[in-house]
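Dropping protein.cif in here (mmCIF, C-alpha atoms):
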data_input
loop_
_atom_site.label_atom_id
_atom_site.label_comp_id
_atom_site.auth_asym_id
_atom_site.auth_seq_id
_atom_site.Cartn_x
_atom_site.Cartn_y
_atom_site.Cartn_z
CA MET A 1 -0.80 -32.13 -1.17
CA ASN A 2 -2.90 -30.03 -3.56
CA ASP A 3 -1.63 -27.20 -5.73
CA LEU A 4 -2.87 -23.71 -4.92
CA VAL A 5 -4.23 -21.90 -7.95
CA ILE A 6 -6.09 -18.59 -7.64
CA LYS A 7 -7.11 -16.42 -10.55
CA GLY A 8 -6.54 -12.79 -9.68
CA GLU A 9 -9.41 -10.30 -9.46
CA LYS A 10 -9.20 -7.12 -11.49
CA LYS A 11 -12.52 -5.38 -10.90
CA THR A 12 -13.63 -3.93 -7.57
CA TYR A 13 -10.32 -4.91 -5.99
CA PHE A 14 -7.04 -6.32 -7.28
CA THR A 15 -5.59 -9.65 -6.19
CA PRO A 16 -2.65 -11.36 -7.86
CA ASP A 17 -2.70 -14.59 -9.86
CA VAL A 18 -1.35 -17.40 -7.70
CA ASN A 19 0.04 -20.68 -8.97
CA PHE A 20 1.77 -22.83 -6.34
CA SER A 21 2.75 -26.35 -7.44
CA ALA A 22 3.29 -28.94 -4.73
CA GLN A 23 4.79 -31.35 -7.25
CA THR A 24 7.45 -29.06 -8.73
CA GLY A 25 7.84 -26.64 -5.79
CA ILE A 26 7.58 -23.76 -8.25
CA CYS A 27 5.36 -21.00 -6.90
CA GLU A 28 4.38 -17.86 -8.74
CA ILE A 29 2.55 -14.71 -7.67
CA ALA A 30 1.86 -12.26 -10.48
CA GLY A 31 -0.07 -9.06 -11.04
CA GLU A 32 -1.20 -6.43 -8.56
CA SER A 33 -2.37 -6.59 -4.97
CA TYR A 34 -4.55 -3.92 -3.39
CA GLN A 35 -7.63 -5.23 -1.77
CA GLU A 36 -9.92 -5.05 1.19
CA GLU A 37 -9.27 -8.51 2.65
CA THR A 38 -5.49 -8.65 2.34
CA PHE A 39 -4.95 -11.02 5.23
CA GLU A 40 -7.72 -13.43 4.34
CA PHE A 41 -6.17 -13.67 0.88
CA PHE A 42 -2.54 -14.08 1.94
CA ASN A 43 -3.35 -16.39 4.85
CA LYS A 44 -4.28 -19.04 2.27
CA LEU A 45 -0.83 -18.65 0.73
CA VAL A 46 0.92 -18.77 4.11
CA ALA A 47 -1.03 -21.91 5.09
CA TRP A 48 -0.04 -23.60 1.82
CA ILE A 49 3.66 -22.83 2.39
CA GLU A 50 3.46 -24.12 5.97
CA GLU A 51 1.94 -27.39 4.74
CA PHE A 52 4.55 -27.70 1.96
CA ILE A 53 7.38 -27.24 4.43
CA VAL A 54 6.03 -29.93 6.77
CA LYS A 55 4.67 -32.48 4.28
CA VAL A 56 6.55 -32.11 0.99
CA LYS A 57 9.96 -30.83 2.13
CA LYS A 58 11.21 -30.43 -1.45
CA PRO A 59 13.16 -27.48 -2.91
CA ILE A 60 10.92 -24.46 -3.41
CA VAL A 61 11.29 -21.71 -6.01
CA PHE A 62 9.30 -18.52 -5.59
CA ASN A 63 8.71 -16.23 -8.54
CA PHE A 64 7.40 -12.82 -7.55
CA LYS A 65 6.05 -10.98 -10.61
CA LEU A 66 4.20 -8.18 -8.90
CA SER A 67 3.95 -4.82 -10.62
CA TYR A 68 2.25 -3.12 -7.65
CA PHE A 69 1.24 -4.00 -4.10
CA ASN A 70 0.05 -1.79 -1.27
CA THR A 71 1.58 -1.63 2.19
CA SER A 72 -0.73 -4.20 3.76
CA SER A 73 0.13 -6.65 0.96
CA ALA A 74 3.83 -5.94 1.55
CA ARG A 75 3.44 -6.89 5.20
CA ALA A 76 1.80 -10.19 4.15
CA ILE A 77 4.53 -10.91 1.57
CA LEU A 78 7.18 -10.29 4.23
CA GLU A 79 5.45 -12.84 6.47
CA MET A 80 5.68 -15.42 3.65
CA LEU A 81 9.36 -14.64 3.18
CA ILE A 82 10.06 -15.04 6.91
CA LEU A 83 8.49 -18.49 6.66
CA LEU A 84 10.73 -19.35 3.69
CA LYS A 85 13.75 -18.05 5.58
CA LYS A 86 12.97 -20.44 8.46
CA TYR A 87 12.63 -23.31 5.98
CA LYS A 88 16.06 -22.45 4.57
CA GLU A 89 17.59 -22.27 8.05
CA GLU A 90 16.20 -25.75 8.76
CA GLY A 91 17.95 -27.13 5.67
CA GLY A 92 15.33 -26.52 2.97
CA SER A 93 16.30 -25.31 -0.48
CA VAL A 94 14.76 -21.90 -1.21
CA GLU A 95 15.22 -19.77 -4.32
CA ILE A 96 13.53 -16.38 -4.70
CA ASN A 97 13.23 -14.76 -8.12
CA TRP A 98 11.97 -11.18 -7.98
CA TYR A 99 10.90 -9.70 -11.31
CA TYR A 100 10.89 -5.93 -11.70
CA GLN A 101 10.25 -3.46 -14.51
CA ASP A 102 12.93 -0.92 -13.70
CA GLU A 103 15.07 0.08 -10.76
CA GLU A 104 12.96 3.19 -10.20
CA ASP A 105 9.81 1.23 -9.50
CA SER A 106 8.68 0.78 -5.92
CA THR A 107 8.73 -3.01 -5.98
CA TYR A 108 12.50 -2.92 -6.58
CA GLU A 109 13.06 -0.89 -3.42
CA GLU A 110 10.65 -3.13 -1.50
CA ALA A 111 12.65 -6.15 -2.63
CA GLU A 112 15.85 -4.55 -1.35
CA ASP A 113 14.23 -3.90 2.02
CA MET A 114 12.77 -7.39 2.26
CA GLN A 115 16.16 -8.94 1.50
CA SER A 116 17.68 -6.81 4.22
CA GLN A 117 14.93 -7.75 6.66
CA THR A 118 14.92 -11.50 6.06
CA GLY A 119 18.55 -12.11 5.16
CA LEU A 120 17.36 -13.99 2.05
CA ARG A 121 19.06 -13.18 -1.25
CA PHE A 122 16.75 -12.64 -4.21
CA ASN A 123 17.64 -13.11 -7.86
CA MET A 124 16.62 -9.69 -9.22
CA ILE A 125 15.37 -10.16 -12.76
CA HIS A 126 14.61 -7.27 -15.08
CA HIS A 127 11.44 -8.11 -16.93
CA ALA A 128 8.69 -6.23 -18.78
CA MET A 129 5.34 -6.91 -17.10
CA MET B 1 -17.91 17.73 5.75
CA SER B 2 -18.39 20.52 3.18
CA VAL B 3 -17.73 23.13 5.82
CA GLN B 4 -14.56 21.33 6.81
CA VAL B 5 -13.31 21.01 3.23
CA ASN B 6 -13.88 24.72 2.65
CA THR B 7 -12.26 25.67 5.94
CA PHE B 8 -9.14 23.71 5.16
CA LEU B 9 -8.89 25.11 1.66
CA GLU B 10 -9.56 28.68 2.71
CA SER B 11 -6.97 28.44 5.49
CA ASN B 12 -4.29 27.29 3.08
CA LEU B 13 -3.29 30.07 0.68
CA GLU B 14 -1.03 27.74 -1.27
CA MET B 15 -3.93 25.40 -1.99
CA GLN B 16 -6.20 28.20 -3.21
CA GLN B 17 -3.96 28.78 -6.19
CA LYS B 18 -4.31 25.29 -7.56
CA GLY B 19 -6.51 23.66 -10.14
CA THR B 20 -8.67 20.74 -9.13
CA LEU B 21 -8.09 17.52 -11.07
CA ILE B 22 -10.31 15.25 -8.98
CA PHE B 23 -12.57 15.99 -6.03
CA TYR B 24 -14.57 13.30 -4.27
CA LYS B 25 -16.55 13.32 -1.05
CA GLY B 26 -18.41 10.32 0.31
CA ILE B 27 -17.94 6.65 1.15
CA PHE B 28 -14.44 5.21 0.84
CA SER B 29 -15.46 1.62 0.18
CA TYR B 30 -12.95 -0.48 -1.73
CA PRO B 31 -14.94 -0.52 -5.00
CA ILE B 32 -14.96 3.31 -4.94
CA ILE B 33 -11.26 3.49 -4.04
CA VAL B 34 -10.49 1.24 -7.02
CA GLU B 35 -12.73 3.31 -9.31
CA LEU B 36 -10.97 6.55 -8.35
CA SER B 37 -7.57 4.89 -8.61
CA GLN B 38 -8.31 3.81 -12.18
CA HIS B 39 -9.17 7.40 -13.13
CA ILE B 40 -5.84 8.49 -11.66
CA ARG B 41 -3.99 5.82 -13.61
CA ASN B 42 -5.84 6.09 -16.89
CA ASP B 43 -7.15 9.63 -17.25
CA LEU B 44 -4.45 11.95 -15.93
CA THR B 45 -2.06 13.20 -18.56
CA PHE B 46 1.11 13.15 -16.46
CA ALA B 47 4.12 10.96 -17.23
CA PRO B 48 3.49 7.29 -16.34
CA ALA B 49 6.00 7.29 -13.46
CA LEU B 50 4.34 10.33 -11.87
CA ARG B 51 0.88 8.84 -12.36
CA GLU B 52 2.00 5.67 -10.58
CA LYS B 53 3.31 7.71 -7.64
CA ILE B 54 0.01 9.61 -7.42
CA PHE B 55 -1.86 6.31 -7.64
CA SER B 56 0.22 4.71 -4.84
CA ILE B 57 -0.16 7.72 -2.54
CA PHE B 58 -3.89 7.84 -3.21
CA ILE B 59 -4.31 4.15 -2.30
CA GLU B 60 -2.59 4.63 1.07
CA LEU B 61 -4.45 7.85 1.94
CA ALA B 62 -7.80 6.45 0.81
CA GLN B 63 -7.33 3.27 2.86
CA ASN B 64 -6.68 5.46 5.90
CA VAL B 65 -10.01 7.21 5.37
CA SER B 66 -11.79 3.91 4.81
CA SER B 67 -10.37 2.29 7.95
CA TYR B 68 -9.95 5.15 10.38
CA SER B 69 -12.67 7.73 9.66
CA ALA B 70 -14.92 8.06 12.69
CA ASP B 71 -17.88 8.34 10.30
CA GLN B 72 -18.52 4.82 9.07
CA ILE B 73 -21.37 3.60 6.90
CA TYR B 74 -22.48 0.13 5.87
CA THR B 75 -21.91 -0.69 2.20
CA ALA B 76 -24.31 -3.40 1.08
CA SER B 77 -22.30 -4.55 -1.96
CA ILE B 78 -19.29 -5.54 0.15
CA LYS B 79 -21.21 -6.18 3.40
CA LYS B 80 -18.82 -4.03 5.39
CA ASN B 81 -18.56 -0.64 7.01
CA SER B 82 -16.42 1.92 5.21
CA GLY B 83 -15.25 5.35 6.29
CA ILE B 84 -16.60 8.63 4.98
CA GLY B 85 -14.32 11.48 3.97
CA SER B 86 -13.07 13.54 1.06
CA PHE B 87 -10.22 13.34 -1.44
CA HIS B 88 -8.89 16.28 -3.39
CA LEU B 89 -6.26 16.07 -6.14
CA LEU B 90 -4.91 19.45 -7.19
CA GLU B 91 -2.07 20.85 -9.23
CA ASN B 92 -0.23 24.08 -9.81
CA SER B 93 2.65 24.71 -12.19
CA GLN B 94 5.17 22.92 -9.99
CA TYR B 95 3.40 20.46 -7.73
CA ILE B 96 0.65 17.85 -7.40
CA TYR B 97 -1.23 17.84 -4.10
CA LEU B 98 -3.24 14.96 -2.65
CA ASN B 99 -5.46 15.79 0.30
CA THR B 100 -7.81 13.68 2.38
CA ILE B 101 -10.10 14.84 5.17
CA ASN B 102 -12.03 12.69 7.59
CA SER B 103 -13.40 12.87 11.09
CA SER B 104 -11.55 11.08 13.85
CA GLN B 105 -11.20 10.86 17.61
CA ALA B 106 -8.94 13.43 19.25
CA ASP B 107 -6.48 10.85 20.56
CA LYS B 108 -6.13 9.26 17.11
CA ILE B 109 -5.59 12.66 15.54
CA ASN B 110 -2.85 13.40 18.08
CA ASN B 111 -1.19 10.10 17.23
CA ILE B 112 -1.23 10.99 13.52
CA HIS B 113 0.33 14.40 14.23
CA LYS B 114 3.04 12.75 16.33
CA ARG B 115 3.74 10.08 13.74
CA VAL B 116 3.91 12.60 10.90
CA ALA B 117 6.23 14.83 12.97
CA ILE B 118 8.66 11.89 13.22
CA ILE B 119 8.25 10.95 9.55
CA ASN B 120 8.97 14.54 8.49
CA THR B 121 12.37 14.49 10.24
CA LEU B 122 13.59 11.41 8.37
CA ASP B 123 15.52 11.08 5.12
CA ARG B 124 14.79 8.28 2.67
CA LYS B 125 17.08 5.80 4.45
CA GLY B 126 15.47 6.62 7.80
CA LEU B 127 11.97 6.20 6.36
CA ARG B 128 12.82 2.79 4.94
CA GLU B 129 14.29 1.69 8.27
CA LEU B 130 11.22 2.92 10.17
CA LYS B 131 8.96 1.09 7.72
CA MET B 132 10.87 -2.17 8.28
CA THR B 133 10.73 -1.72 12.06
CA PHE B 134 6.95 -1.16 12.04
CA ARG B 135 6.40 -4.15 9.76
CA GLU B 136 8.42 -6.46 12.00
CA GLN B 137 6.47 -5.21 15.02
CA ALA B 138 3.16 -5.86 13.24
CA ILE B 139 4.20 -9.42 12.33
CA ASP B 140 5.48 -10.13 15.86
CA ALA B 141 2.25 -8.75 17.36
CA HIS B 142 0.08 -10.61 14.80
CA THR B 143 -1.67 -7.37 13.92
CA ASN B 144 -3.00 -6.80 10.44
CA SER B 145 -1.83 -3.23 10.07
CA GLY B 146 1.80 -2.31 9.87
CA ASN B 147 0.82 1.35 10.19
CA VAL B 148 3.25 2.19 7.44
CA GLY B 149 0.85 3.90 5.05
CA LEU B 150 2.01 7.42 5.89
CA ILE B 151 5.67 6.37 5.68
CA GLU B 152 4.94 5.07 2.19
CA VAL B 153 3.25 8.38 1.34
CA ALA B 154 6.41 10.25 2.41
CA LEU B 155 8.64 7.87 0.44
CA LYS B 156 6.53 8.18 -2.70
CA SER B 157 6.04 11.95 -2.50
CA GLY B 158 9.63 12.78 -1.59
CA ASN B 159 8.27 15.61 0.53
CA ILE B 160 7.08 16.23 4.04
CA ILE B 161 3.45 15.49 4.86
CA HIS B 162 1.18 18.30 6.07
CA THR B 163 -1.46 17.59 8.69
CA HIS B 164 -4.09 20.00 10.01
CA THR B 165 -6.92 19.68 12.47
CA ALA B 166 -10.27 21.45 12.55
CA SER B 167 -13.08 20.99 15.00
CA THR B 168 -16.75 21.89 15.07
CA ASP B 169 -19.07 19.33 16.61
CA LYS B 170 -16.46 16.76 15.52
CA GLU B 171 -12.69 16.65 15.13
CA TYR B 172 -11.37 16.48 11.56
CA ILE B 173 -7.92 15.56 10.29
CA SER B 174 -6.58 16.80 6.97
CA ILE B 175 -3.56 15.06 5.45
CA THR B 176 -1.79 16.52 2.42
CA ALA B 177 0.99 15.01 0.34
CA LYS B 178 2.86 17.08 -2.22
CA LEU B 179 4.82 15.84 -5.24
CA LEU B 180 7.10 17.70 -7.57
CA LYS B 181 5.82 17.38 -11.14
CA GLN B 182 9.26 17.02 -12.72
#
Would you mind writing the file out in structure tokens?
Amino acid sequence: MNDLVIKGEKKTYFTPDVNFSAQTGICEIAGESYQEETFEFFNKLVAWIEEFIVKVKKPIVFNFKLSYFNTSSARAILEMLILLKKYKEEGGSVEINWYYQDEEDSTYEEAEDMQSQTGLRFNMIHHAM
Amino acid sequence: MSVQVNTFLESNLEMQQKGTLIFYKGIFSYPIIVELSQHIRNDLTFAPALREKIFSIFIELAQNVSSYSADQIYTASIKKNSGIGSFHLLENSQYIYLNTINSSQADKINNIHKRVAIINTLDRKGLRELKMTFREQAIDAHTNSGNVGLIEVALKSGNIIHTHTASTDKEYISITAKLLKQ
């Protein structure tokens, strides 16, 4: 299975940097996400996770280092997390690391809500971005 | 559109007493939304946390105009239709105001009024719960939009949202968010 590497755009729209490794199972999304084609972008990520779960079946570690994402991106991220939750329920090893700048920022509150919605526990890591 | 902008401003005494920081009227394509958002982030002299709130609210309101304005125009650079409308960022000594105006169908305008009426009754906990419910529904229904943009606006602004309607040959919806400066 191939890695998924996408360099984020930072001009007429903002997409995050993506680095998903099939070999190590370490997956990172970093930067900002507000864009026109949110679902086309995130569908590639969802498809990669689905393939990893079926073909690779190794432990997966997700590092979210997002400093801002709009509501349509949040919906897409939640869909990825629901997929990871199912993998965990089926016996897969899933670790979520959520990096945030401070507890006042909106991504911190989003992370709280997404944990509540999926039942997954995130490691909340304070980190300057 | 100019008539509508003036009508809304003239009908709102509170808004007449404010200073304009940004006013834009035209196509809400994504390159233009990003351009305006960068001015909000980089050029306004408010505290960084306040600027980020203004930025986030602007993104959600602008995307509404882009997607839901009844006046759509083809943008060659992105090969897509984008909505037409206006955005006004104003301030007075206490508050920042973000206002968008766009044309829309009467039934859609009614739905916005109804949704905002519900949003305006909710506290922060209630808004977060409603947002989660809408997102789950969107994922279950395989729809792209969670329809949570206005909930996010209420969460970010910490205030109720004001909506107004005006009609001439078309129906127009005005949406205003208000943030405390301190």
Return as a tab-separated table the residues of chain A lying at most 10 Å from chain B, together with the closest atom-to-atom pair for each and the distance in Å to one decimal, counting only C-alpha atoms, with rows in chain order and ascending residue number.
residue	atom	partner	partner_atom	distance
A:Lys10	CA	B:Val34	CA	9.6
A:Lys11	CA	B:Val34	CA	7.9
A:Thr12	CA	B:Pro31	CA	4.5
A:Tyr13	CA	B:Val34	CA	6.2
A:Phe14	CA	B:Val34	CA	8.3
A:Tyr34	CA	B:Ile59	CA	8.1
A:Gln35	CA	B:Tyr30	CA	7.1
A:Glu36	CA	B:Tyr30	CA	6.2
A:Glu37	CA	B:Tyr30	CA	9.9
A:Thr38	CA	B:Asn144	CA	8.7
A:Phe39	CA	B:Asn144	CA	7.0
A:Tyr68	CA	B:Ser56	CA	8.6
A:Phe69	CA	B:Ser56	CA	8.8
A:Asn70	CA	B:Glu60	CA	7.3
A:Thr71	CA	B:Gly149	CA	6.3
A:Ser72	CA	B:Ser145	CA	6.5
A:Ser73	CA	B:Ser145	CA	9.9
A:Ala74	CA	B:Arg135	CA	8.8
A:Arg75	CA	B:Arg135	CA	6.1
A:Ala76	CA	B:Ile139	CA	8.6
A:Leu78	CA	B:Arg135	CA	8.3
A:Glu79	CA	B:Ile139	CA	6.9
A:Ile82	CA	B:Ile139	CA	9.8
A:Glu104	CA	B:Ala49	CA	8.7
A:Asp105	CA	B:Ala49	CA	8.2
A:Ser106	CA	B:Lys156	CA	8.4
A:Glu109	CA	B:Arg128	CA	9.1
A:Glu110	CA	B:Arg128	CA	9.0
A:Asp113	CA	B:Met132	CA	7.3
A:Met114	CA	B:Met132	CA	8.2
A:Ser116	CA	B:Met132	CA	9.2
A:Gln117	CA	B:Met132	CA	7.1
message = From the options A:Leu66, A:Ile60, A:Met129, A:Ile77, which residue's atoms come nearest to Gly25 of chain A, counting all atoms listed in the file?
response =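 Of A:Leu66, A:Ile60, A:Met129, A:Ile77, the one nearest Gly25 of chain A, counting all atoms listed in the file, is A:Ile60.
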query = List as a PyMOL selection string: which residues have an atom within 12 Å of (-14.7, 14.4, 1.8), counting only C-alpha atoms?
reply = chain B and resi 1-6+8+22-28+62+65-66+69+71+83-89+99-103+172-175
task = Could you tell me which residues the PyMOL selection byres ((chain A and resi 124) around 9) grabs in this file, written as a list in words?
result =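 With the PyMOL selection byres ((chain A and resi 124) around 9) on this model, the match is Ile96, Asn97, Trp98, Tyr99, Tyr100, Tyr108, Ala111, Phe122, Asn123, Ile125 and His126 of chain A.
Considering the residues A:Lys86, A:Leu81, A:Asn63, A:Thr15 and counting only C-alpha atoms, Glu40 of chain A has its shortest atom-to-atom contact with A:Thr15.
Shell of His162 of chain B at 12 Å, with only C-alpha atoms counted and residues fewer than 3 places along the chain excluded, is Phe8, Asn12, Met15, Tyr97, Leu98, Asn99, Thr100, Ile101, Ile112, His113, Lys114, Arg115, Val116, Ala117, Ile119, Asn120, Leu150, Val153, Ala154, Ser157, Asn159, Thr165, Ile173, Ser174, Ile175, Thr176, Ala177 and Lys178 of chain B.
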8 Å per side around segment 136-141 of chain B: axis-aligned box centre and edge lengths, as JSON:
{"center_x": 5.3, "center_y": -7.7, "center_z": 14.7, "size_x": 22.2, "size_y": 20.9, "size_z": 21.4}
ask   = For the point (4.7, -21.8, 3.1) in file coordinates, what residues are within 10 Å, counting only C-alpha atoms? Give the answer as a PyMOL selection string?
value = chain A and resi 20+43-54+60+79-84+86-87
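If you look at atom CA of Val61 of chain A and atom CA of Thr24 of chain A, they are 8.7 Å away from each other.
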query = Restricting the calculation to all atoms listed in the file, which member of A:His127, A:Phe64, A:Asp102, A:Glu112 is positioned closest to Lys125 of chain B?
reply =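 Among A:His127, A:Phe64, A:Asp102, A:Glu112, it is A:Glu112 that comes nearest to Lys125 of chain B.
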task = Choose the residue, out of B:Lys18, B:His164, B:Lys181, B:His142, that has the smallest atom-to-atom separation from Ala47 of chain B; count only C-alpha atoms.
result = B:Lys181
request  = Quick one: pull the distance between atom CA of Asn42 of chain B and atom CA of Phe58 of chain B, Å, one decimal.
outcome  =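 Distance between the two atoms: 13.9 Å.
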Atomic distance atom CA of Ser21 of chain A - atom CA of Glu89 of chain A, expressed in Å with one decimal = 21.8 Å
inquiry  = Quick check on the file I pasted: which residues fall under the PyMOL selection byres ((chain A and resi 17) around 7)? Write them as number ranges by chain.
reply    = A: 6-8, 15-16, 18-19, 29-31
Which of A:Glu95, A:Glu9, A:Glu103, A:Glu28 sits closest to Lys58 of chain A [using all atoms listed in the file] = A:Glu95
